[in-house]
$ cat upload_9.tsv   # TSV, C-alpha atoms and all ligand atoms
chain	number	residue	atom	x	y	z
G	12	MET	CA	26.54	66.92	-102.67
G	13	ARG	CA	23.94	64.37	-103.79
G	14	ILE	CA	22.55	64.61	-107.32
G	15	ASP	CA	18.80	65.20	-107.03
G	16	ALA	CA	18.00	65.44	-110.73
G	17	VAL	CA	19.42	65.90	-114.20
G	18	GLU	CA	17.45	67.86	-116.75
G	19	LEU	CA	17.85	67.65	-120.52
G	20	ARG	CA	16.58	70.14	-123.05
G	21	GLU	CA	16.82	70.41	-126.76
G	22	VAL	CA	16.89	74.08	-127.71
G	23	GLN	CA	16.66	75.89	-131.02
G	24	LEU	CA	17.86	79.44	-131.46
G	25	PRO	CA	17.90	81.26	-134.82
G	26	TYR	CA	21.32	82.42	-136.00
G	27	ARG	CA	21.66	86.07	-136.91
G	28	ALA	CA	22.76	84.90	-140.37
G	29	PRO	CA	22.93	81.43	-141.97
G	30	PHE	CA	26.28	79.65	-141.53
G	31	GLU	CA	27.62	77.55	-144.42
G	32	THR	CA	30.56	75.15	-144.34
G	33	SER	CA	31.79	72.54	-146.81
G	34	PHE	CA	29.38	70.07	-145.16
G	35	GLY	CA	26.20	72.13	-145.05
G	36	ARG	CA	24.24	75.29	-144.34
G	37	GLU	CA	22.19	76.02	-141.22
G	38	ASP	CA	20.07	78.94	-140.11
G	39	THR	CA	19.10	77.74	-136.64
G	40	LYS	CA	21.27	76.56	-133.79
G	41	ALA	CA	20.09	73.22	-132.41
G	42	CYS	CA	21.77	71.71	-129.36
G	43	LEU	CA	21.13	70.09	-125.99
G	44	LEU	CA	21.45	71.74	-122.60
G	45	VAL	CA	22.23	69.66	-119.53
G	46	ARG	CA	21.38	70.87	-116.03
G	47	VAL	CA	22.55	68.97	-112.96
G	48	GLN	CA	20.90	69.76	-109.61
G	49	ALA	CA	22.53	68.78	-106.32
G	50	ASP	CA	21.79	70.07	-102.81
G	51	GLY	CA	20.43	73.38	-104.05
G	52	VAL	CA	23.37	74.01	-106.39
G	53	GLU	CA	23.17	73.54	-110.15
G	54	GLY	CA	25.54	73.13	-113.06
G	55	TRP	CA	25.01	73.64	-116.78
G	56	GLY	CA	26.60	72.20	-119.90
G	57	GLU	CA	25.93	72.29	-123.63
G	58	VAL	CA	26.04	69.44	-126.18
G	59	PRO	CA	26.70	71.11	-129.56
G	60	ALA	CA	25.91	68.09	-131.72
G	61	GLY	CA	23.20	69.54	-133.97
G	62	ARG	CA	20.51	67.88	-136.04
G	63	ALA	CA	22.60	65.92	-138.56
G	64	PRO	CA	25.84	63.87	-138.23
G	65	LEU	CA	27.89	66.09	-140.55
G	66	TYR	CA	30.72	67.52	-138.42
G	67	ASN	CA	31.13	64.26	-136.54
G	68	GLU	CA	28.97	61.19	-136.02
G	69	GLU	CA	26.79	62.64	-133.27
G	70	THR	CA	23.39	64.33	-133.43
G	71	ASP	CA	21.15	65.84	-130.78
G	72	ASP	CA	19.09	62.64	-130.89
G	73	THR	CA	22.06	60.29	-130.42
G	74	ALA	CA	23.35	62.45	-127.58
G	75	TRP	CA	19.92	62.48	-125.92
G	76	LEU	CA	19.71	58.69	-126.14
G	77	VAL	CA	23.19	58.09	-124.71
G	78	LEU	CA	22.67	60.62	-121.93
G	79	GLU	CA	19.25	59.21	-120.99
G	80	GLN	CA	20.19	55.54	-121.18
G	81	PHE	CA	23.84	55.39	-120.15
G	82	LEU	CA	25.36	58.59	-118.76
G	83	ILE	CA	22.67	60.04	-116.46
G	84	PRO	CA	21.18	56.98	-114.63
G	85	PRO	CA	24.36	55.99	-112.72
G	86	LEU	CA	24.61	59.54	-111.30
G	87	LEU	CA	21.10	59.90	-109.85
G	88	GLY	CA	20.88	59.94	-106.07
G	89	LYS	CA	24.66	59.50	-105.72
G	90	PRO	CA	27.31	62.00	-104.62
G	91	ALA	CA	28.23	64.25	-107.55
G	92	PRO	CA	31.50	62.84	-108.94
G	93	ARG	CA	34.40	65.18	-109.60
G	94	PRO	CA	34.42	65.81	-113.36
G	95	GLU	CA	37.74	63.97	-113.85
G	96	GLU	CA	36.28	60.98	-112.01
G	97	PHE	CA	33.14	61.13	-114.20
G	98	ALA	CA	35.35	61.13	-117.31
G	99	ARG	CA	37.15	57.99	-116.07
G	100	ARG	CA	33.86	56.25	-115.31
G	101	VAL	CA	32.42	56.81	-118.79
G	102	ALA	CA	35.63	56.11	-120.70
G	103	HIS	CA	34.49	52.55	-121.49
G	104	ILE	CA	31.52	53.90	-123.43
G	105	ARG	CA	32.81	54.29	-126.96
G	106	ARG	CA	32.74	57.75	-128.56
G	107	HIS	CA	29.65	59.91	-127.99
G	108	HIS	CA	32.15	62.60	-127.00
G	109	MET	CA	29.78	65.54	-127.21
G	110	ALA	CA	27.18	63.81	-125.04
G	111	LYS	CA	29.84	63.08	-122.40
G	112	ALA	CA	31.34	66.56	-122.65
G	113	GLY	CA	28.01	68.31	-121.99
G	114	LEU	CA	27.41	66.37	-118.79
G	115	GLU	CA	31.04	66.74	-117.68
G	116	ALA	CA	30.84	70.51	-118.22
G	117	ALA	CA	27.74	70.62	-116.00
G	118	LEU	CA	29.70	68.79	-113.27
G	119	TRP	CA	32.60	71.26	-113.60
G	120	ASP	CA	30.14	74.14	-113.27
G	121	LEU	CA	28.44	72.51	-110.28
G	122	HIS	CA	31.66	71.89	-108.33
G	123	ALA	CA	33.20	75.25	-109.20
G	124	ARG	CA	30.02	77.11	-108.12
G	125	ARG	CA	29.95	75.25	-104.86
G	126	GLU	CA	33.59	76.09	-104.22
G	127	GLY	CA	32.95	79.72	-105.14
G	128	ARG	CA	35.60	79.77	-107.84
G	129	SER	CA	35.41	80.36	-111.55
G	130	LEU	CA	35.62	77.51	-114.03
G	131	ALA	CA	38.77	79.13	-115.43
G	132	GLN	CA	40.39	78.91	-111.99
G	133	ALA	CA	39.23	75.32	-111.55
G	134	LEU	CA	40.81	74.36	-114.89
G	135	GLY	CA	44.12	76.12	-114.22
G	136	GLY	CA	43.45	79.12	-116.46
G	137	GLU	CA	45.73	82.13	-116.19
G	138	ARG	CA	44.57	84.76	-118.69
G	139	PRO	CA	41.96	87.38	-117.77
G	140	VAL	CA	41.24	88.08	-121.45
G	141	VAL	CA	41.74	85.97	-124.59
G	142	PRO	CA	42.37	87.02	-128.22
G	143	VAL	CA	39.51	86.10	-130.53
G	144	GLY	CA	38.52	86.02	-134.18
G	145	VAL	CA	35.51	85.24	-136.34
G	146	SER	CA	34.78	82.10	-138.31
G	147	GLN	CA	33.12	83.27	-141.53
G	148	GLY	CA	31.02	80.85	-143.54
G	149	ILE	CA	30.76	80.42	-147.29
G	150	GLU	CA	28.66	83.15	-148.96
G	151	ALA	CA	26.81	83.28	-152.27
G	152	THR	CA	29.30	85.74	-153.78
G	153	ILE	CA	32.81	86.99	-153.00
G	154	GLU	CA	31.44	90.55	-152.72
G	155	GLU	CA	29.13	89.44	-149.88
G	156	LEU	CA	32.05	87.64	-148.23
G	157	LEU	CA	34.22	90.77	-148.40
G	158	GLU	CA	31.40	92.91	-147.02
G	159	ARG	CA	30.94	90.63	-144.01
G	160	ILE	CA	34.66	90.49	-143.32
G	161	GLY	CA	34.87	94.28	-143.56
G	162	GLY	CA	32.11	94.50	-140.96
G	163	TYR	CA	33.92	92.17	-138.54
G	164	LEU	CA	37.21	94.03	-138.93
G	165	ALA	CA	35.38	97.31	-138.26
G	166	GLN	CA	33.96	95.80	-135.06
G	167	GLY	CA	37.52	95.07	-133.89
G	168	TYR	CA	38.02	91.38	-134.64
G	169	ARG	CA	41.68	90.85	-135.34
G	170	ARG	CA	41.65	87.48	-137.05
G	171	ILE	CA	39.42	86.13	-139.78
G	172	LYS	CA	38.91	82.48	-140.64
G	173	ILE	CA	37.01	81.58	-143.78
G	174	LYS	CA	35.44	78.29	-144.64
G	175	ILE	CA	36.67	76.83	-147.93
G	176	LYS	CA	35.55	74.02	-150.23
G	177	PRO	CA	36.49	72.95	-153.77
G	178	GLY	CA	35.61	75.90	-156.02
G	179	TRP	CA	35.64	78.38	-153.09
G	180	ASP	CA	39.26	78.51	-151.98
G	181	ILE	CA	42.06	80.33	-153.81
G	182	GLU	CA	39.97	83.16	-155.25
G	183	PRO	CA	38.28	84.24	-152.01
G	184	VAL	CA	41.68	84.24	-150.26
G	185	GLN	CA	43.28	86.25	-153.04
G	186	ARG	CA	40.42	88.81	-153.00
G	187	ILE	CA	40.59	89.13	-149.20
G	188	ARG	CA	44.32	89.85	-149.42
G	189	GLU	CA	43.68	92.41	-152.18
G	190	ARG	CA	40.98	94.19	-150.18
G	191	PHE	CA	42.25	93.92	-146.60
G	192	GLY	CA	46.01	93.45	-146.97
G	193	ASP	CA	48.00	91.80	-144.24
G	194	ILE	CA	45.23	90.83	-141.76
G	195	LEU	CA	45.53	87.65	-139.70
G	196	LEU	CA	43.81	85.13	-141.97
G	197	GLN	CA	43.26	81.38	-141.92
G	198	VAL	CA	41.11	78.84	-143.76
G	199	ASP	CA	39.07	75.79	-142.68
G	200	ALA	CA	38.14	73.05	-145.18
G	201	ASN	CA	36.27	70.72	-142.80
G	202	SER	CA	37.76	67.71	-144.64
G	203	ALA	CA	36.49	68.73	-148.08
G	204	TYR	CA	39.60	67.71	-150.07
G	205	ASP	CA	41.83	64.73	-150.72
G	206	LEU	CA	45.52	64.59	-151.50
G	207	ASP	CA	44.86	64.92	-155.25
G	208	ALA	CA	44.00	68.55	-154.43
G	209	ALA	CA	47.47	69.26	-152.98
G	210	GLY	CA	47.93	71.88	-155.72
G	211	VAL	CA	45.17	74.03	-154.17
G	212	PHE	CA	47.07	74.06	-150.88
G	213	ARG	CA	50.41	74.77	-152.55
G	214	ALA	CA	48.71	77.79	-154.13
G	215	LEU	CA	47.24	78.88	-150.78
G	216	ASP	CA	50.74	78.50	-149.30
G	217	GLY	CA	51.70	81.75	-151.02
G	218	TYR	CA	49.16	83.90	-149.11
G	219	GLY	CA	50.75	84.03	-145.66
G	220	LEU	CA	47.92	82.23	-143.90
G	221	LEU	CA	48.22	81.62	-140.15
G	222	LEU	CA	47.16	78.02	-140.70
G	223	ILE	CA	45.14	75.66	-142.87
G	224	GLU	CA	42.53	73.79	-140.82
G	225	GLN	CA	41.51	70.17	-141.50
G	226	PRO	CA	42.08	70.03	-145.25
G	227	LEU	CA	41.70	66.23	-145.61
G	228	ALA	CA	39.68	63.35	-144.17
G	229	GLU	CA	39.26	63.08	-140.44
G	230	ASP	CA	40.84	59.62	-140.24
G	231	ASP	CA	43.73	60.28	-142.62
G	232	LEU	CA	46.76	61.38	-140.64
G	233	VAL	CA	49.12	59.83	-143.19
G	234	ASP	CA	47.90	62.02	-146.05
G	235	HIS	CA	47.91	65.08	-143.79
G	236	ALA	CA	51.58	64.35	-143.10
G	237	ALA	CA	52.26	64.07	-146.84
G	238	LEU	CA	50.53	67.40	-147.43
G	239	GLN	CA	52.23	69.17	-144.52
G	240	ALA	CA	55.61	68.15	-145.97
G	241	GLN	CA	54.78	70.18	-149.10
G	242	LEU	CA	53.72	73.35	-147.26
G	243	ARG	CA	55.27	76.17	-145.25
G	244	THR	CA	51.87	77.09	-143.79
G	245	PRO	CA	51.11	75.01	-140.69
G	246	ILE	CA	48.30	72.50	-140.96
G	247	CYS	CA	45.99	72.62	-137.95
G	248	LEU	CA	43.81	69.61	-137.22
G	249	ASP	CA	40.27	69.87	-135.86
G	250	GLU	CA	38.05	66.84	-136.69
G	251	SER	CA	41.02	64.41	-136.56
G	252	ILE	CA	41.90	65.23	-132.96
G	253	VAL	CA	39.26	63.20	-131.15
G	254	HIS	CA	41.36	62.84	-127.97
G	255	ALA	CA	44.86	63.55	-126.69
G	256	ARG	CA	46.20	60.27	-128.09
G	257	ALA	CA	45.14	61.29	-131.59
G	258	ALA	CA	47.21	64.45	-131.21
G	259	ARG	CA	50.21	62.45	-130.06
G	260	ALA	CA	49.95	60.30	-133.20
G	261	ALA	CA	49.37	63.31	-135.48
G	262	LEU	CA	52.37	65.16	-134.09
G	263	ARG	CA	54.62	62.11	-134.28
G	264	LEU	CA	53.65	61.64	-137.94
G	265	GLY	CA	54.08	65.32	-138.78
G	266	ALA	CA	50.41	65.57	-139.80
G	267	CYS	CA	49.99	69.03	-138.25
G	268	ARG	CA	51.90	71.78	-136.43
G	269	ILE	CA	48.97	73.39	-134.63
G	270	VAL	CA	46.00	71.87	-132.81
G	271	ASN	CA	42.43	73.19	-132.55
G	272	ILE	CA	40.96	72.20	-129.17
G	273	LYS	CA	37.20	71.77	-128.76
G	274	GLN	CA	36.24	70.29	-125.43
G	275	ALA	CA	33.02	68.88	-126.95
G	276	ARG	CA	34.90	67.04	-129.73
G	277	VAL	CA	37.40	65.38	-127.38
G	278	GLY	CA	34.82	64.20	-124.85
G	279	GLY	CA	35.07	66.83	-122.14
G	280	LEU	CA	37.05	69.52	-120.39
G	281	SER	CA	39.31	67.01	-118.60
G	282	GLU	CA	40.48	65.52	-121.89
G	283	ALA	CA	40.79	69.02	-123.35
G	284	VAL	CA	43.16	70.00	-120.53
G	285	ALA	CA	45.16	66.79	-121.10
G	286	LEU	CA	45.36	67.64	-124.81
G	287	HIS	CA	46.47	71.17	-123.98
G	288	ASP	CA	49.17	69.82	-121.66
G	289	LEU	CA	50.44	67.33	-124.25
G	290	CYS	CA	50.75	70.04	-126.89
G	291	ARG	CA	52.40	72.41	-124.44
G	292	ALA	CA	55.03	69.79	-123.53
G	293	GLN	CA	55.83	69.42	-127.25
G	294	GLY	CA	55.94	73.16	-127.94
G	295	VAL	CA	52.84	72.97	-130.19
G	296	PRO	CA	50.54	76.01	-130.03
G	297	VAL	CA	46.81	75.47	-129.59
G	298	TRP	CA	43.67	77.58	-129.88
G	299	CYS	CA	40.08	77.10	-128.89
G	300	GLY	CA	37.64	76.10	-131.61
G	301	GLY	CA	33.91	76.63	-131.42
G	302	MET	CA	30.69	74.96	-132.51
G	303	LEU	CA	28.61	78.16	-132.69
G	304	GLU	CA	27.64	77.52	-129.07
G	305	THR	CA	25.09	79.49	-127.10
G	306	GLY	CA	26.49	81.62	-124.29
G	307	ILE	CA	26.35	78.57	-122.01
G	308	GLY	CA	28.74	76.44	-124.07
G	309	ARG	CA	30.82	79.50	-124.95
G	310	ALA	CA	31.40	80.29	-121.26
G	311	ALA	CA	33.04	76.87	-120.82
G	312	ASN	CA	35.14	77.42	-123.96
G	313	LEU	CA	36.27	80.83	-122.69
G	314	ALA	CA	37.38	79.33	-119.39
G	315	LEU	CA	39.36	76.67	-121.24
G	316	ALA	CA	40.95	79.24	-123.55
G	317	SER	CA	42.46	80.99	-120.52
G	318	LEU	CA	45.00	78.16	-120.07
G	319	PRO	CA	48.59	79.18	-120.87
G	320	ASN	CA	49.25	77.32	-124.14
G	321	PHE	CA	46.13	78.75	-125.87
G	322	THR	CA	48.19	81.32	-127.74
G	323	LEU	CA	46.51	81.76	-131.14
G	324	PRO	CA	43.23	83.71	-131.60
G	325	HIS	CA	40.14	81.61	-130.87
G	326	ASP	CA	36.87	80.89	-132.67
G	327	LEU	CA	35.07	82.61	-129.80
G	328	SER	CA	33.10	85.64	-130.85
G	329	ALA	CA	30.66	87.98	-129.15
G	330	SER	CA	27.04	86.86	-128.64
G	331	ASP	CA	25.84	89.22	-131.38
G	332	ARG	CA	28.02	87.51	-133.99
G	333	TYR	CA	25.84	84.41	-133.55
G	334	PHE	CA	22.42	85.38	-132.16
G	335	ARG	CA	20.07	88.35	-131.82
G	336	GLU	CA	19.46	87.26	-128.26
G	337	ASP	CA	21.79	84.87	-126.45
G	338	LEU	CA	20.63	82.61	-123.60
G	339	ILE	CA	22.79	84.57	-121.15
G	340	ASP	CA	22.65	88.12	-119.90
G	341	PRO	CA	24.75	90.21	-120.08
G	342	PRO	CA	25.82	88.90	-123.50
G	343	VAL	CA	29.44	88.11	-124.39
G	344	VAL	CA	31.00	91.28	-125.84
G	345	LEU	CA	34.16	92.08	-127.78
G	346	ASN	CA	36.66	94.34	-126.00
G	347	PRO	CA	38.09	97.24	-128.05
G	348	ASP	CA	41.45	95.44	-128.30
G	349	GLY	CA	39.95	92.37	-130.03
G	350	THR	CA	39.80	90.22	-126.91
G	351	ILE	CA	36.99	88.74	-124.84
G	352	SER	CA	37.09	88.75	-121.05
G	353	VAL	CA	37.05	85.38	-119.29
G	354	PRO	CA	34.14	85.17	-116.80
G	355	LYS	CA	35.31	85.65	-113.20
G	356	GLU	CA	32.17	84.76	-111.26
G	357	PRO	CA	31.79	81.24	-109.76
G	358	GLY	CA	31.33	78.34	-112.19
G	359	LEU	CA	30.58	79.25	-115.79
G	360	GLY	CA	30.23	82.79	-114.48
G	361	VAL	CA	27.32	83.81	-116.70
G	362	ARG	CA	23.66	84.46	-115.84
G	363	ILE	CA	21.37	82.07	-117.70
G	364	VAL	CA	18.05	83.68	-118.59
G	365	MET	CA	15.53	80.91	-117.85
G	366	GLU	CA	12.65	82.49	-119.76
G	367	ARG	CA	14.78	82.59	-122.91
G	368	VAL	CA	15.86	78.99	-122.33
G	369	GLU	CA	12.18	77.99	-121.91
G	370	ARG	CA	11.21	79.82	-125.07
G	371	ALA	CA	13.99	78.08	-127.06
G	372	THR	CA	13.16	74.62	-125.68
G	373	VAL	CA	11.62	72.13	-128.12
G	374	ARG	CA	12.03	69.01	-125.95
G	375	HIS	CA	12.45	68.68	-122.21
G	376	ALA	CA	12.89	65.84	-119.73
G	377	ARG	CA	13.75	65.75	-116.05
G	378	PHE	CA	15.35	62.65	-114.57
G	379	PRO	CA	14.87	62.73	-110.77
G	380	ALA	CA	16.81	60.58	-108.28
X	1	LIG	O1	35.11	73.45	-138.10
X	1	LIG	O2	35.47	74.87	-136.62
X	1	LIG	C1	34.68	74.24	-137.29
X	1	LIG	C2	31.12	75.45	-136.58
X	1	LIG	C3	30.43	74.26	-136.69
X	1	LIG	C4	31.10	73.11	-137.03
X	1	LIG	C5	32.48	73.15	-137.25
X	1	LIG	C6	33.18	74.32	-137.12
X	1	LIG	C7	32.48	75.50	-136.81
X	1	LIG	C8	33.11	76.82	-136.71
X	1	LIG	C9	32.43	77.80	-135.79
X	1	LIG	O3	34.05	77.17	-137.39
X	1	LIG	C10	33.35	78.62	-134.95
X	1	LIG	C11	32.61	79.37	-133.86
X	1	LIG	O4	31.95	78.75	-133.02
X	1	LIG	O5	32.69	80.60	-133.87
X	2	MG	MG	37.21	73.45	-137.98
$ encode --input "upload_9.tsv" --output "structure tokens"
Amino acid sequence: MRIDAVELREVQLPYRAPFETSFGREDTKACLLVRVQADGVEGWGEVPAGRAPLYNEETDDTAWLVLEQFLIPPLLGKPAPRPEEFARRVAHIRRHHMAKAGLEAALWDLHARREGRSLAQALGGERPVVPVGVSQGIEATIEELLERIGGYLAQGYRRIKIKIKPGWDIEPVQRIRERFGDILLQVDANSAYDLDAAGVFRALDGYGLLLIEQPLAEDDLVDHAALQAQLRTPICLDESIVHARAARAALRLGACRIVNIKQARVGGLSEAVALHDLCRAQGVPVWCGGMLETGIGRAANLALASLPNFTLPHDLSASDRYFREDLIDPPVVLNPDGTISVPKEPGLGVRIVMERVERATVRHARFPA
């Protein structure tokens, strides 16, 4: 299977509602789509970097540059490498994990489609459906927050995660508990605090949260360990876990008890599977995080979440939680029992609607062999 061309697109898709975290507020999804074409078969991947380097150091522009200059050229006209082999070949290029992950996902899709098996099967997934929740951003008022959460619970979501930041932490949690009782609830600070704020987390410790996600700086495992020692609630790391080795260090230090896995953050699905396996061997539960992906990136995340150690509810919601119109049809839907079904068709297993992709495209380039 010789690679004939790789296509890059930057797409923009309005969110149904603005999404605010401790690092910023956005009302439009911006990401790259990668399409690999080889012998009449194609594979798709998503690079969920976004416009500004706020979640990590990457942006759509940096990812475009690294893909165009370093990741795509060695592939053109050559046999399509197995995704694990691709990951080994680009390991010497430092960071740029999301750029690598998008191209690797396209190679997984390509090979799985050609073999007629689903991506979930190719990755070693076992679950036909996965439990999911909603990640709820910061709102202008607590009343609006409660109204949104009430809506999600009514739709059947069984776990709520709220974004927190200094000044928006204990009170929203307390009011959610008052209004909705014993629901599965967790918080995500996206690194907005330092250890001087340990008192906030000791207070949150009394609310029976499933976990506290990334309270402190991305590169500060030592302080996370100091904080975890003061809490009963498990700390879960997201931004800090940039590859499987980071998780090994975090677990050895006692910096977390749960790991959020995002294939884009760790540089690809191969590394994500390695991270899953490492956590499984140590008895550490994992769940699948999200980057508000379009249906294309979400299909890859769903396949990954079907692996056996993905036991906690995921940040994978139905298409209509994110967009009025997703790039795939049929859209991702929530099952009545609060799960989402893992695609079974070959590859990503979703139908990409090209006219919607074209309409969302703001930049396009095709790199032929
Ligand atoms: O920290 O998990 C995060 C979205 C953008 C950047 C960071 C994060 C998130 C989410 C979205 O929480 C979860 C989802 O995709 O549903
Ligand atoms: Mg997070």
$ residues_near_ligand --input "upload_9.tsv" --ligand "ligand MG 2 (chain X)" --cutoff "6 Å" --atoms "all atoms listed in the file" --output "PyMOL selection string"
chain G and resi 199+201+249
$ closest_residue --input "upload_9.tsv" --among "G:Arg362, G:Arg46, G:Lys172, G:Arg291" --to "ligand LIG 1 (chain X)" --atoms "all atoms listed in the file"
G:Lys172
$ residues_near_point --input "upload_9.tsv" --point "(17.4, 58.8, -124.8)" --cutoff "12 Å" --atoms "only C-alpha atoms" --output "PyMOL selection string"
chain G and resi 19-21+43+70-84+110+374-378
$ write_last_selection --input "upload_9.tsv" --atoms "C-alpha atoms" --output "short mmCIF file (atom, residue, chain, number, x, y, z; two decimals), in the coordinates of the input"
data_model
loop_
_atom_site.label_atom_id
_atom_site.label_comp_id
_atom_site.auth_asym_id
_atom_site.auth_seq_id
_atom_site.Cartn_x
_atom_site.Cartn_y
_atom_site.Cartn_z
CA LEU G 19 17.85 67.65 -120.52
CA ARG G 20 16.58 70.14 -123.05
CA GLU G 21 16.82 70.41 -126.76
CA LEU G 43 21.13 70.09 -125.99
CA THR G 70 23.39 64.33 -133.43
CA ASP G 71 21.15 65.84 -130.78
CA ASP G 72 19.09 62.64 -130.89
CA THR G 73 22.06 60.29 -130.42
CA ALA G 74 23.35 62.45 -127.58
CA TRP G 75 19.92 62.48 -125.92
CA LEU G 76 19.71 58.69 -126.14
CA VAL G 77 23.19 58.09 -124.71
CA LEU G 78 22.67 60.62 -121.93
CA GLU G 79 19.25 59.21 -120.99
CA GLN G 80 20.19 55.54 -121.18
CA PHE G 81 23.84 55.39 -120.15
CA LEU G 82 25.36 58.59 -118.76
CA ILE G 83 22.67 60.04 -116.46
CA PRO G 84 21.18 56.98 -114.63
CA ALA G 110 27.18 63.81 -125.04
CA ARG G 374 12.03 69.01 -125.95
CA HIS G 375 12.45 68.68 -122.21
CA ALA G 376 12.89 65.84 -119.73
CA ARG G 377 13.75 65.75 -116.05
CA PHE G 378 15.35 62.65 -114.57
#
$ axis_aligned_box --input "upload_9.tsv" --around "stretch 13-20 of chain G" --padding-each-side "4 Å" --output "lines of an AutoDock Vina configuration file"
center_x = 20.3
center_y = 67.3
center_z = -113.4
size_x = 15.4
size_y = 13.8
size_z = 27.3
$ closest_residue --input "upload_9.tsv" --among "G:Phe321, G:Tyr66, G:Tyr163, G:Tyr218" --to "ligand LIG 1 (chain X)" --atoms "all atoms listed in the file"
G:Tyr66
$ residues_near_ligand --input "upload_9.tsv" --ligand "ligand LIG 1 (chain X)" --cutoff "6 Å" --atoms "only C-alpha atoms and all ligand atoms" --output "PDB file with C-alpha atoms, in the frame of the given file"
ATOM      1  CA  TYR G  66      30.720  67.520-138.420  1.00  0.00           C
ATOM      2  CA  VAL G 145      35.510  85.240-136.340  1.00  0.00           C
ATOM      3  CA  SER G 146      34.780  82.100-138.310  1.00  0.00           C
ATOM      4  CA  ASN G 201      36.270  70.720-142.800  1.00  0.00           C
ATOM      5  CA  GLY G 300      37.640  76.100-131.610  1.00  0.00           C
ATOM      6  CA  GLY G 301      33.910  76.630-131.420  1.00  0.00           C
ATOM      7  CA  MET G 302      30.690  74.960-132.510  1.00  0.00           C
ATOM      8  CA  LEU G 303      28.610  78.160-132.690  1.00  0.00           C
ATOM      9  CA  GLU G 304      27.640  77.520-129.070  1.00  0.00           C
ATOM     10  CA  ASP G 326      36.870  80.890-132.670  1.00  0.00           C
ATOM     11  CA  LEU G 327      35.070  82.610-129.800  1.00  0.00           C
ATOM     12  CA  SER G 328      33.100  85.640-130.850  1.00  0.00           C
TER      13      SER G 328
END
$ closest_residue --input "upload_9.tsv" --among "G:Leu323, G:Ala371, G:Leu318, G:Ala209" --to "G:Glu336" --atoms "all atoms listed in the file"
G:Ala371
$ atom_distance --input "upload_9.tsv" --atom1 "atom CA of G:Ala255" --atom2 "atom CA of G:Gly54"
25.5 Å
$ closest_atom_pairs --input "upload_9.tsv" --of "stretch 148-198 of chain G" --to "stretch 224-227 of chain G" --cutoff "12 Å" --atoms "all atoms listed in the file" --output "tab-separated table"
residue	atom	partner	partner_atom	distance
G:Lys172	CA	G:Glu224	CA	9.4
G:Ile173	CA	G:Glu224	CA	10.0
G:Lys174	CA	G:Glu224	CA	9.2
G:Ile175	CA	G:Pro226	CA	9.1
G:Lys176	CA	G:Pro226	CA	9.1
G:Pro177	CA	G:Pro226	CA	10.6
G:Asp180	CA	G:Pro226	CA	11.2
G:Leu196	CA	G:Glu224	CA	11.5
G:Gln197	CA	G:Glu224	CA	7.7
G:Val198	CA	G:Glu224	CA	6.0
$ atom_distance --input "upload_9.tsv" --atom1 "atom CA of G:Trp298" --atom2 "atom CA of G:Asn271"
5.3 Å
$ build_atoms --input "upload_9.tsv" --residues "stretch 116-127 of chain G" --atoms "N, CA and C atoms" --output "PDB file, keeping the file's coordinate frame"
ATOM      1  N   ALA G 116      30.784  69.051-118.410  1.00  0.00           N
ATOM      2  CA  ALA G 116      30.840  70.510-118.220  1.00  0.00           C
ATOM      3  C   ALA G 116      29.887  70.928-117.096  1.00  0.00           C
ATOM      4  N   ALA G 117      28.699  70.289-117.057  1.00  0.00           N
ATOM      5  CA  ALA G 117      27.740  70.620-116.000  1.00  0.00           C
ATOM      6  C   ALA G 117      28.316  70.273-114.621  1.00  0.00           C
ATOM      7  N   LEU G 118      29.075  69.164-114.545  1.00  0.00           N
ATOM      8  CA  LEU G 118      29.700  68.790-113.270  1.00  0.00           C
ATOM      9  C   LEU G 118      30.815  69.770-112.893  1.00  0.00           C
ATOM     10  N   TRP G 119      31.574  70.234-113.881  1.00  0.00           N
ATOM     11  CA  TRP G 119      32.600  71.260-113.600  1.00  0.00           C
ATOM     12  C   TRP G 119      31.944  72.518-113.042  1.00  0.00           C
ATOM     13  N   ASP G 120      30.846  72.932-113.704  1.00  0.00           N
ATOM     14  CA  ASP G 120      30.140  74.140-113.270  1.00  0.00           C
ATOM     15  C   ASP G 120      29.617  73.959-111.848  1.00  0.00           C
ATOM     16  N   LEU G 121      28.996  72.805-111.599  1.00  0.00           N
ATOM     17  CA  LEU G 121      28.440  72.510-110.280  1.00  0.00           C
ATOM     18  C   LEU G 121      29.502  72.600-109.181  1.00  0.00           C
ATOM     19  N   HIS G 122      30.616  71.911-109.363  1.00  0.00           N
ATOM     20  CA  HIS G 122      31.660  71.890-108.330  1.00  0.00           C
ATOM     21  C   HIS G 122      32.303  73.272-108.160  1.00  0.00           C
ATOM     22  N   ALA G 123      32.553  73.939-109.298  1.00  0.00           N
ATOM     23  CA  ALA G 123      33.200  75.250-109.200  1.00  0.00           C
ATOM     24  C   ALA G 123      32.274  76.244-108.485  1.00  0.00           C
ATOM     25  N   ARG G 124      30.961  76.209-108.804  1.00  0.00           N
ATOM     26  CA  ARG G 124      30.020  77.110-108.120  1.00  0.00           C
ATOM     27  C   ARG G 124      30.010  76.847-106.637  1.00  0.00           C
ATOM     28  N   ARG G 125      30.007  75.575-106.276  1.00  0.00           N
ATOM     29  CA  ARG G 125      29.950  75.250-104.860  1.00  0.00           C
ATOM     30  C   ARG G 125      31.208  75.707-104.127  1.00  0.00           C
ATOM     31  N   GLU G 126      32.334  75.655-104.829  1.00  0.00           N
ATOM     32  CA  GLU G 126      33.590  76.090-104.220  1.00  0.00           C
ATOM     33  C   GLU G 126      33.779  77.591-104.322  1.00  0.00           C
ATOM     34  N   GLY G 127      32.855  78.262-105.016  1.00  0.00           N
ATOM     35  CA  GLY G 127      32.950  79.720-105.140  1.00  0.00           C
ATOM     36  C   GLY G 127      34.099  80.176-106.010  1.00  0.00           C
TER      37      GLY G 127
END
